[in-house]
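Enquirer: My structure is stored as coords37.cif, with mmCIF, C-alpha atoms.
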data_my_file
loop_
_atom_site.group_PDB
_atom_site.id
_atom_site.type_symbol
_atom_site.label_atom_id
_atom_site.label_comp_id
_atom_site.auth_asym_id
_atom_site.auth_seq_id
_atom_site.Cartn_x
_atom_site.Cartn_y
_atom_site.Cartn_z
ATOM 1 C CA MET B 1 0.000 0.000 0.000
ATOM 2 C CA SER B 2 1.257 3.477 -0.775
ATOM 3 C CA VAL B 3 0.488 6.366 1.559
ATOM 4 C CA ARG B 4 1.327 9.968 0.828
ATOM 5 C CA PHE B 5 1.529 12.664 3.493
ATOM 6 C CA HIS B 6 1.550 16.371 2.821
ATOM 7 C CA PHE B 7 3.047 17.887 5.969
ATOM 8 C CA LEU B 8 1.483 21.268 6.577
ATOM 9 C CA SER B 9 4.673 22.927 7.800
ATOM 10 C CA GLN B 10 7.923 23.278 5.925
ATOM 11 C CA LEU B 11 10.533 20.629 6.661
ATOM 12 C CA PRO B 12 13.965 22.259 7.110
ATOM 13 C CA SER B 13 16.416 21.399 4.394
ATOM 14 C CA VAL B 14 18.351 18.340 5.544
ATOM 15 C CA GLY B 15 20.126 15.547 3.747
ATOM 16 C CA ALA B 16 18.007 12.651 2.510
ATOM 17 C CA SER B 17 19.989 10.243 4.692
ATOM 18 C CA VAL B 18 19.077 12.249 7.807
ATOM 19 C CA ARG B 19 15.407 12.400 6.834
ATOM 20 C CA GLY B 20 15.406 8.704 6.071
ATOM 21 C CA ALA B 21 17.073 7.781 9.349
ATOM 22 C CA ALA B 22 14.653 9.846 11.407
ATOM 23 C CA LEU B 23 11.581 8.589 9.619
ATOM 24 C CA SER B 24 12.756 4.973 9.725
ATOM 25 C CA TRP B 25 13.339 5.358 13.464
ATOM 26 C CA GLY B 26 9.772 6.534 13.818
ATOM 27 C CA PHE B 27 8.568 3.396 12.104
ATOM 28 C CA CYS B 28 9.971 1.286 14.938
ATOM 29 C CA VAL B 29 6.653 2.089 16.602
ATOM 30 C CA LEU B 30 4.941 0.127 13.872
ATOM 31 C CA ARG B 31 7.406 -2.748 14.035
ATOM 32 C CA SER B 32 6.951 -3.188 17.781
ATOM 33 C CA HIS B 33 3.185 -2.788 17.806
ATOM 34 C CA TYR B 34 2.119 -4.301 14.520
ATOM 35 C CA THR B 35 5.125 -6.508 13.653
ATOM 36 C CA THR B 36 5.081 -4.486 10.486
ATOM 37 C CA SER B 37 7.868 -4.207 7.982
ATOM 38 C CA VAL B 38 8.057 -0.637 6.800
ATOM 39 C CA ARG B 39 10.476 0.757 4.291
ATOM 40 C CA VAL B 40 10.908 4.230 2.950
ATOM 41 C CA ALA B 41 10.397 3.796 -0.755
ATOM 42 C CA GLN B 42 10.939 7.390 -1.724
ATOM 43 C CA LEU B 43 11.919 10.560 0.058
ATOM 44 C CA ARG B 44 11.306 13.504 -2.161
ATOM 45 C CA PRO B 45 13.077 16.649 -0.919
ATOM 46 C CA PRO B 46 11.016 19.794 -0.381
ATOM 47 C CA VAL B 47 10.201 21.902 -3.409
ATOM 48 C CA ALA B 48 10.499 25.656 -2.966
ATOM 49 C CA ASP B 49 7.329 27.174 -1.514
ATOM 50 C CA ASN B 50 5.637 23.769 -1.246
ATOM 51 C CA PRO B 51 5.067 21.511 1.746
ATOM 52 C CA THR B 52 7.216 18.424 1.987
ATOM 53 C CA VAL B 53 5.821 15.370 0.235
ATOM 54 C CA VAL B 54 6.998 11.994 1.486
ATOM 55 C CA ASP B 55 5.933 8.722 -0.124
ATOM 56 C CA PHE B 56 5.821 5.517 1.954
ATOM 57 C CA HIS B 57 5.199 1.919 1.025
ATOM 58 C CA ALA B 58 4.355 -0.450 3.868
ATOM 59 C CA SER B 59 3.020 -3.938 4.339
ATOM 60 C CA HIS B 60 1.841 -5.880 7.364
ATOM 61 C CA SER B 61 2.659 -9.569 7.815
ATOM 62 C CA GLN B 62 1.042 -11.720 10.472
ATOM 63 C CA GLN B 63 1.679 -15.417 11.058
ATOM 64 C CA GLY B 64 -1.450 -17.478 11.764
ATOM 65 C CA GLY B 65 -1.614 -21.247 11.966
ATOM 66 C CA ARG B 66 -0.224 -22.993 8.905
ATOM 67 C CA GLY B 67 -0.814 -20.068 6.625
ATOM 68 C CA SER B 68 -0.114 -16.400 6.775
ATOM 69 C CA ALA B 69 -2.279 -13.369 6.237
ATOM 70 C CA ARG B 70 -0.928 -10.279 4.549
ATOM 71 C CA ARG B 71 -2.601 -6.943 4.832
ATOM 72 C CA ALA B 72 -1.705 -3.274 4.664
ATOM 73 C CA ALA B 73 -0.539 -1.434 7.747
ATOM 74 C CA SER B 74 -2.998 0.992 9.285
ATOM 75 C CA PRO B 75 -2.877 4.398 7.575
ATOM 76 C CA LEU B 76 -3.346 5.984 11.008
ATOM 77 C CA ALA B 77 -0.337 4.120 12.368
ATOM 78 C CA LEU B 78 1.686 5.211 9.356
ATOM 79 C CA ALA B 79 0.584 8.790 9.884
ATOM 80 C CA LEU B 80 1.652 8.716 13.528
ATOM 81 C CA ALA B 81 4.992 7.166 12.656
ATOM 82 C CA GLY B 82 5.542 9.680 9.885
ATOM 83 C CA LEU B 83 4.775 12.604 12.162
ATOM 84 C CA LEU B 84 7.085 11.180 14.816
ATOM 85 C CA GLY B 85 9.864 10.957 12.258
ATOM 86 C CA TYR B 86 9.123 14.472 11.078
ATOM 87 C CA HIS B 87 9.407 15.880 14.588
ATOM 88 C CA LEU B 88 12.654 13.965 15.118
ATOM 89 C CA VAL B 89 14.048 15.684 12.048
ATOM 90 C CA VAL B 90 12.905 19.089 13.283
ATOM 91 C CA ALA B 91 14.442 18.433 16.716
ATOM 92 C CA GLY B 92 17.687 17.419 15.044
ATOM 93 C CA ARG B 93 17.714 20.589 12.999
ATOM 94 C CA CYS B 94 17.077 22.666 16.135
ATOM 95 C CA ARG B 95 20.129 21.077 17.741
ATOM 96 C CA GLU B 96 22.121 21.773 14.596
ATOM 97 C CA PHE B 97 21.025 25.415 14.515
ATOM 98 C CA ARG B 98 21.901 25.815 18.195
ATOM 99 C CA HIS B 99 25.345 24.346 17.603
ATOM 100 C CA GLN B 100 25.907 26.696 14.680
ATOM 101 C CA ALA B 101 24.818 29.685 16.758
ATOM 102 C CA LEU B 102 27.270 28.848 19.539
ATOM 103 C CA HIS B 103 30.299 27.695 17.550
ATOM 104 C CA ASP B 104 32.823 29.199 15.181
ATOM 105 C CA ASP B 105 32.491 27.882 11.627
ATOM 106 C CA LEU B 106 36.207 28.110 10.880
ATOM 107 C CA THR B 107 37.748 26.324 13.864
ATOM 108 C CA GLY B 108 34.762 24.467 15.310
ATOM 109 C CA LEU B 109 35.463 26.050 18.707
ATOM 110 C CA PRO B 110 32.790 27.677 20.848
ATOM 111 C CA ASN B 111 32.291 31.338 19.921
ATOM 112 C CA ARG B 112 31.929 34.513 21.990
ATOM 113 C CA ARG B 113 28.226 33.954 22.600
ATOM 114 C CA CYS B 114 28.913 30.494 23.974
ATOM 115 C CA LEU B 115 31.800 31.836 26.071
ATOM 116 C CA ASP B 116 29.502 34.436 27.655
ATOM 117 C CA GLN B 117 27.085 31.715 28.734
ATOM 118 C CA VAL B 118 29.754 29.385 30.110
ATOM 119 C CA LEU B 119 31.669 32.208 31.796
ATOM 120 C CA SER B 120 28.587 33.368 33.703
ATOM 121 C CA ARG B 121 27.946 29.835 34.980
ATOM 122 C CA THR B 122 31.601 29.344 35.872
ATOM 123 C CA ILE B 123 31.748 32.590 37.858
ATOM 124 C CA SER B 124 28.612 31.619 39.787
ATOM 125 C CA ALA B 125 30.067 28.191 40.596
ATOM 126 C CA ALA B 126 33.441 29.679 41.572
ATOM 127 C CA THR B 127 31.785 32.214 43.865
ATOM 128 C CA ARG B 128 29.669 29.576 45.595
ATOM 129 C CA SER B 129 32.505 27.091 46.056
ATOM 130 C CA GLY B 130 35.254 29.575 46.827
ATOM 131 C CA GLU B 131 37.605 27.665 44.510
ATOM 132 C CA GLY B 132 38.003 30.522 42.045
ATOM 133 C CA ALA B 133 38.557 30.421 38.289
ATOM 134 C CA SER B 134 41.034 31.940 35.854
ATOM 135 C CA LEU B 135 40.595 33.429 32.412
ATOM 136 C CA VAL B 136 43.292 33.590 29.738
ATOM 137 C CA LEU B 137 43.105 35.739 26.605
ATOM 138 C CA ILE B 138 45.434 34.657 23.793
ATOM 139 C CA ASP B 139 46.255 36.818 20.783
ATOM 140 C CA LEU B 140 48.320 35.451 17.886
ATOM 141 C CA ASP B 141 51.337 37.649 17.224
ATOM 142 C CA HIS B 142 51.655 39.396 13.848
ATOM 143 C CA PHE B 143 48.628 37.631 12.432
ATOM 144 C CA LYS B 144 47.368 40.667 10.519
ATOM 145 C CA GLU B 145 50.668 40.972 8.643
ATOM 146 C CA LEU B 146 50.623 37.242 7.931
ATOM 147 C CA ASN B 147 47.040 37.365 6.698
ATOM 148 C CA ASP B 148 47.753 40.370 4.459
ATOM 149 C CA SER B 149 50.919 38.891 2.950
ATOM 150 C CA LEU B 150 49.833 35.271 2.440
ATOM 151 C CA GLY B 151 46.112 35.730 1.840
ATOM 152 C CA HIS B 152 42.917 34.996 3.733
ATOM 153 C CA ALA B 153 42.794 31.283 2.858
ATOM 154 C CA GLU B 154 46.275 30.782 4.286
ATOM 155 C CA GLY B 155 45.352 32.884 7.308
ATOM 156 C CA ASP B 156 42.335 30.665 7.914
ATOM 157 C CA ALA B 157 44.594 27.604 7.758
ATOM 158 C CA VAL B 158 46.848 29.153 10.405
ATOM 159 C CA LEU B 159 43.871 29.830 12.688
ATOM 160 C CA ARG B 160 42.654 26.248 12.342
ATOM 161 C CA GLU B 161 46.108 24.897 13.164
ATOM 162 C CA ALA B 162 46.474 27.232 16.147
ATOM 163 C CA ALA B 163 43.090 26.063 17.474
ATOM 164 C CA ARG B 164 44.114 22.426 17.016
ATOM 165 C CA ARG B 165 47.371 22.954 18.914
ATOM 166 C CA PHE B 166 45.662 24.814 21.734
ATOM 167 C CA LYS B 167 43.080 22.049 22.137
ATOM 168 C CA SER B 168 45.801 19.415 22.313
ATOM 169 C CA ALA B 169 47.259 21.085 25.437
ATOM 170 C CA LEU B 170 44.032 21.436 27.431
ATOM 171 C CA ARG B 171 43.084 19.568 30.565
ATOM 172 C CA GLN B 172 39.718 17.936 31.088
ATOM 173 C CA GLY B 173 37.220 20.616 32.053
ATOM 174 C CA ASP B 174 39.088 23.507 30.424
ATOM 175 C CA PHE B 175 37.039 25.600 28.004
ATOM 176 C CA LEU B 176 38.535 27.168 24.878
ATOM 177 C CA ALA B 177 36.692 29.603 22.588
ATOM 178 C CA ARG B 178 37.560 31.711 19.592
ATOM 179 C CA VAL B 179 36.279 35.177 20.422
ATOM 180 C CA GLY B 180 37.081 36.903 17.142
ATOM 181 C CA GLY B 181 39.797 37.361 14.549
ATOM 182 C CA ASP B 182 43.064 35.988 15.927
ATOM 183 C CA GLU B 183 41.957 36.032 19.558
ATOM 184 C CA PHE B 184 41.145 33.016 21.708
ATOM 185 C CA CYS B 185 39.902 32.762 25.286
ATOM 186 C CA LEU B 186 40.624 29.972 27.738
ATOM 187 C CA LEU B 187 38.435 29.526 30.806
ATOM 188 C CA LEU B 188 39.926 27.498 33.664
ATOM 189 C CA PRO B 189 37.514 26.480 36.449
ATOM 190 C CA ARG B 190 38.976 25.783 39.907
ATOM 191 C CA THR B 191 42.365 27.139 38.820
ATOM 192 C CA ASP B 192 44.481 29.730 40.629
ATOM 193 C CA LEU B 193 46.708 32.240 38.854
ATOM 194 C CA GLU B 194 49.898 30.259 39.275
ATOM 195 C CA ALA B 195 48.400 27.180 37.639
ATOM 196 C CA ALA B 196 46.765 29.333 34.943
ATOM 197 C CA ALA B 197 50.091 30.996 34.142
ATOM 198 C CA GLY B 198 51.732 27.594 33.862
ATOM 199 C CA LEU B 199 49.071 26.323 31.477
ATOM 200 C CA ALA B 200 49.234 29.526 29.415
ATOM 201 C CA GLY B 201 52.980 28.997 29.073
ATOM 202 C CA ARG B 202 52.406 25.437 27.877
ATOM 203 C CA LEU B 203 49.903 26.685 25.312
ATOM 204 C CA ARG B 204 52.455 29.141 23.933
ATOM 205 C CA THR B 205 55.094 26.399 23.818
ATOM 206 C CA THR B 206 52.715 24.037 22.015
ATOM 207 C CA LEU B 207 51.881 26.787 19.546
ATOM 208 C CA SER B 208 55.460 27.793 18.764
ATOM 209 C CA GLU B 209 57.450 24.562 19.115
ATOM 210 C CA ARG B 210 57.308 23.832 15.395
ATOM 211 C CA PRO B 211 56.526 25.994 12.356
ATOM 212 C CA VAL B 212 53.370 25.711 10.286
ATOM 213 C CA ARG B 213 53.542 24.962 6.587
ATOM 214 C CA VAL B 214 50.995 27.043 4.690
ATOM 215 C CA GLY B 215 51.243 26.468 0.959
ATOM 216 C CA ALA B 216 54.820 27.284 0.012
ATOM 217 C CA ALA B 217 55.373 29.385 3.156
ATOM 218 C CA THR B 218 56.714 28.380 6.555
ATOM 219 C CA VAL B 219 55.121 30.313 9.414
ATOM 220 C CA HIS B 220 56.482 30.579 12.946
ATOM 221 C CA LEU B 221 53.720 31.190 15.473
ATOM 222 C CA ASP B 222 53.701 32.797 18.891
ATOM 223 C CA ALA B 223 51.089 34.496 21.028
ATOM 224 C CA THR B 224 50.638 37.171 23.652
ATOM 225 C CA VAL B 225 48.670 36.268 26.762
ATOM 226 C CA GLY B 226 46.728 38.157 29.424
ATOM 227 C CA LEU B 227 45.336 36.563 32.572
ATOM 228 C CA SER B 228 42.660 37.467 35.082
ATOM 229 C CA HIS B 229 41.272 35.659 38.102
ATOM 230 C CA CYS B 230 37.923 35.386 39.817
ATOM 231 C CA PRO B 231 37.439 36.747 42.457
ATOM 232 C CA THR B 232 40.812 38.583 42.544
ATOM 233 C CA ASP B 233 40.083 40.717 39.461
ATOM 234 C CA GLY B 234 36.301 40.764 39.721
ATOM 235 C CA GLU B 235 33.227 38.586 39.966
ATOM 236 C CA GLU B 236 31.501 39.622 36.748
ATOM 237 C CA ALA B 237 32.187 38.426 33.230
ATOM 238 C CA ASP B 238 32.841 41.882 31.766
ATOM 239 C CA ALA B 239 35.294 42.733 34.540
ATOM 240 C CA LEU B 240 37.314 39.559 34.021
ATOM 241 C CA LEU B 241 37.416 40.005 30.260
ATOM 242 C CA ARG B 242 38.467 43.647 30.548
ATOM 243 C CA SER B 243 41.175 42.781 33.052
ATOM 244 C CA ALA B 244 42.585 39.993 30.888
ATOM 245 C CA ASP B 245 42.432 42.248 27.827
ATOM 246 C CA SER B 246 44.335 45.012 29.642
ATOM 247 C CA ALA B 247 46.956 42.516 30.780
ATOM 248 C CA MET B 248 47.335 41.168 27.258
ATOM 249 C CA TYR B 249 47.962 44.616 25.796
ATOM 250 C CA ALA B 250 50.383 45.381 28.597
ATOM 251 C CA SER B 251 52.288 42.293 27.473
ATOM 252 C CA LYS B 252 52.252 43.495 23.871
ATOM 253 C CA ARG B 253 53.780 46.807 24.930
ATOM 254 C CA SER B 254 56.416 45.136 27.071
ATOM 255 C CA ARG B 255 59.814 44.089 25.740
ATOM 256 C CA HIS B 256 60.302 41.602 28.582
ATOM 257 C CA THR B 257 57.315 39.260 28.552
ATOM 258 C CA ARG B 258 54.546 37.927 26.349
ATOM 259 C CA GLN B 259 52.377 36.997 29.314
ATOM 260 C CA SER B 260 50.947 39.165 32.118
ATOM 261 C CA HIS B 261 48.394 39.077 34.899
ATOM 262 C CA ALA B 262 45.877 41.890 35.180
ATOM 263 C CA GLY B 263 46.963 42.720 38.715
ATOM 264 C CA ALA B 264 50.683 42.609 37.996
ATOM 265 C CA GLU B 265 52.785 45.641 37.317
ATOM 266 C CA ALA B 266 52.726 46.393 33.558
ATOM 267 C CA GLY B 267 55.508 44.547 31.847
ATOM 268 C CA LYS B 268 56.308 42.337 34.819
ATOM 269 C CA PRO B 269 56.514 38.633 33.836
ATOM 270 C CA ASN B 270 54.343 36.156 35.654
ATOM 271 C CA GLY B 271 54.967 33.077 33.562
#
Any chance you could give the structure as structure tokens?

Expert:
Amino acid sequence: MSVRFHFLSQLPSVGASVRGAALSWGFCVLRSHYTTSVRVAQLRPPVADNPTVVDFHASHSQQGGRGSARRAASPLALALAGLLGYHLVVAGRCREFRHQALHDDLTGLPNRRCLDQVLSRTISAATRSGEGASLVLIDLDHFKELNDSLGHAEGDAVLREAARRFKSALRQGDFLARVGGDEFCLLLPRTDLEAAAGLAGRLRTTLSERPVRVGAATVHLDATVGLSHCPTDGEEADALLRSADSAMYASKRSRHTRQSHAGAEAGKPNG
């Protein structure tokens, strides 16, 4: 039997394999309740400005005595299974949209919006527990010149490699985000400044220990780092970010260090 459903709302554009998987999962309801074998015979993608049309073919097999009866599955059951599959697809797309909204397309890291959410929760937890938390801002050195001389595609490759190297040096529970351009932010729950400075130093070592090949060019990477601590430098997200940003630019102005703490004297090394 062939059943055609015209869903009244638009189905978001997803791959046929995703639609098929979701709809087939929905049909498990039929298999468990009706011992029905259901297969998706055709999944026609949405046409612009038209509701989605999905074609199903299903059959119902039931063993009885020496013979067997074969009849079509209930259209109502098919409708329920189809709608279940449809809603699974929509839920999957909602998760996909949420991930896209909170992550950087280039590096796959969480973005500034995601950082803001996690930072607020981390500050609240640090304040309640008294264990504190540290924040590290990382800015790639001379990236603008590199991007202008090699090109944007090569610059993107450098950012992806920097993100990969940073991630490889993280501990469990550390949170790394790309907050824009060549700037990254590392959030360290239950970490004092001394430990944060040590980890920041390891990140810089991991970044710079070997050059990056980009096309025909060889690029040597390094970064400037600014640190802040909750509650030492504040108990609000904006205060911690401003403090770390000030420390980072103090490091950039200094000839003696590439890493500073917000509360340290400008130019004084702390790691």

Enquirer: Rounded to one decimal, what separation in Å do you get between CA of Asp116 in chain B and CA of Ala237 in chain B?

Expert: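 About the pair CA of Asp116 in chain B and CA of Ala237 in chain B: they are 7.4 Å apart.
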
Enquirer: Provide the CA of Leu115 in chain B to CA of Gly198 in chain B distance in Å, to one decimal place.

Expert: 21.8 Å

Enquirer: If you apply the PyMOL selection byres ((chain B and resi 202-216) around 8) to this file, what residues do you get, as a count of residues only?

Expert: 19

Enquirer: Given all atoms listed in the file as the basis, pick out the residue of B:Asp156, B:Asp141, B:Glu96, B:Asp148 nearest to Met248 in chain B.

Expert: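 Looking only at the distances to Met248 in chain B, the closest residue turns out to be B:Asp141.
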
Enquirer: What does the distance from CA of Asp238 in chain B to CA of His103 in chain B come to in Å, to one decimal?

Expert: 20.2 Å

Enquirer: Excluding Leu176 in chain B and residues on its chain fewer than 2 positions from it, collect all residues at most 12 Å away from it, counting all atoms listed in the file, and give them as number ranges by chain.

Expert: B: 103-104, 107-112, 114-116, 118-119, 135-138, 162-174, 178-179, 183-189, 200, 203

Enquirer: Pull the neighbourhood of (33.7, 28.0, 38.9) for me: all residues within 6 Å in file coordinates, counting only C-alpha atoms, as number ranges by chain.

Expert: B: 122-123, 125-126, 132-133, 189-190

Enquirer: Pick from B:Ala262, B:Leu193, B:Ala247, B:Leu241: nearest to Glu131 in chain B, with only C-alpha atoms counted?

Expert: B:Leu193

Enquirer: Nearest to His142 in chain B among B:Ser124, B:Thr224, B:Ser251, B:Gln117, with distances taken over all atoms listed in the file: which residue is it?

Expert: B:Thr224

Enquirer: Which is closer to Ala244 in chain B than all the others in B:Leu227, B:Leu140, B:Leu106, B:Ala153, using all atoms listed in the file?

Expert: B:Leu227

Enquirer: Could you name the residues that touch Ser134 in chain B at 6 Å or less, counting only C-alpha atoms, but leaving out those on the same chain fewer than 6 positions away, as a list in words?

Expert: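 Neighbouring residues, sequence-local ones excluded: Leu188, Thr191, Ser228 and His229 of chain B.
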
Enquirer: Residues of the last selection are to be written out with C-alpha atoms, as a compact mmCIF listing (two decimals), keeping the file's coordinate frame.

Expert:
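File written: out04.txt
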# COMPACT_ATOMS: atom_id res chain seq x y z
CA LEU B 188 39.93 27.50 33.66
CA THR B 191 42.36 27.14 38.82
CA SER B 228 42.66 37.47 35.08
CA HIS B 229 41.27 35.66 38.10
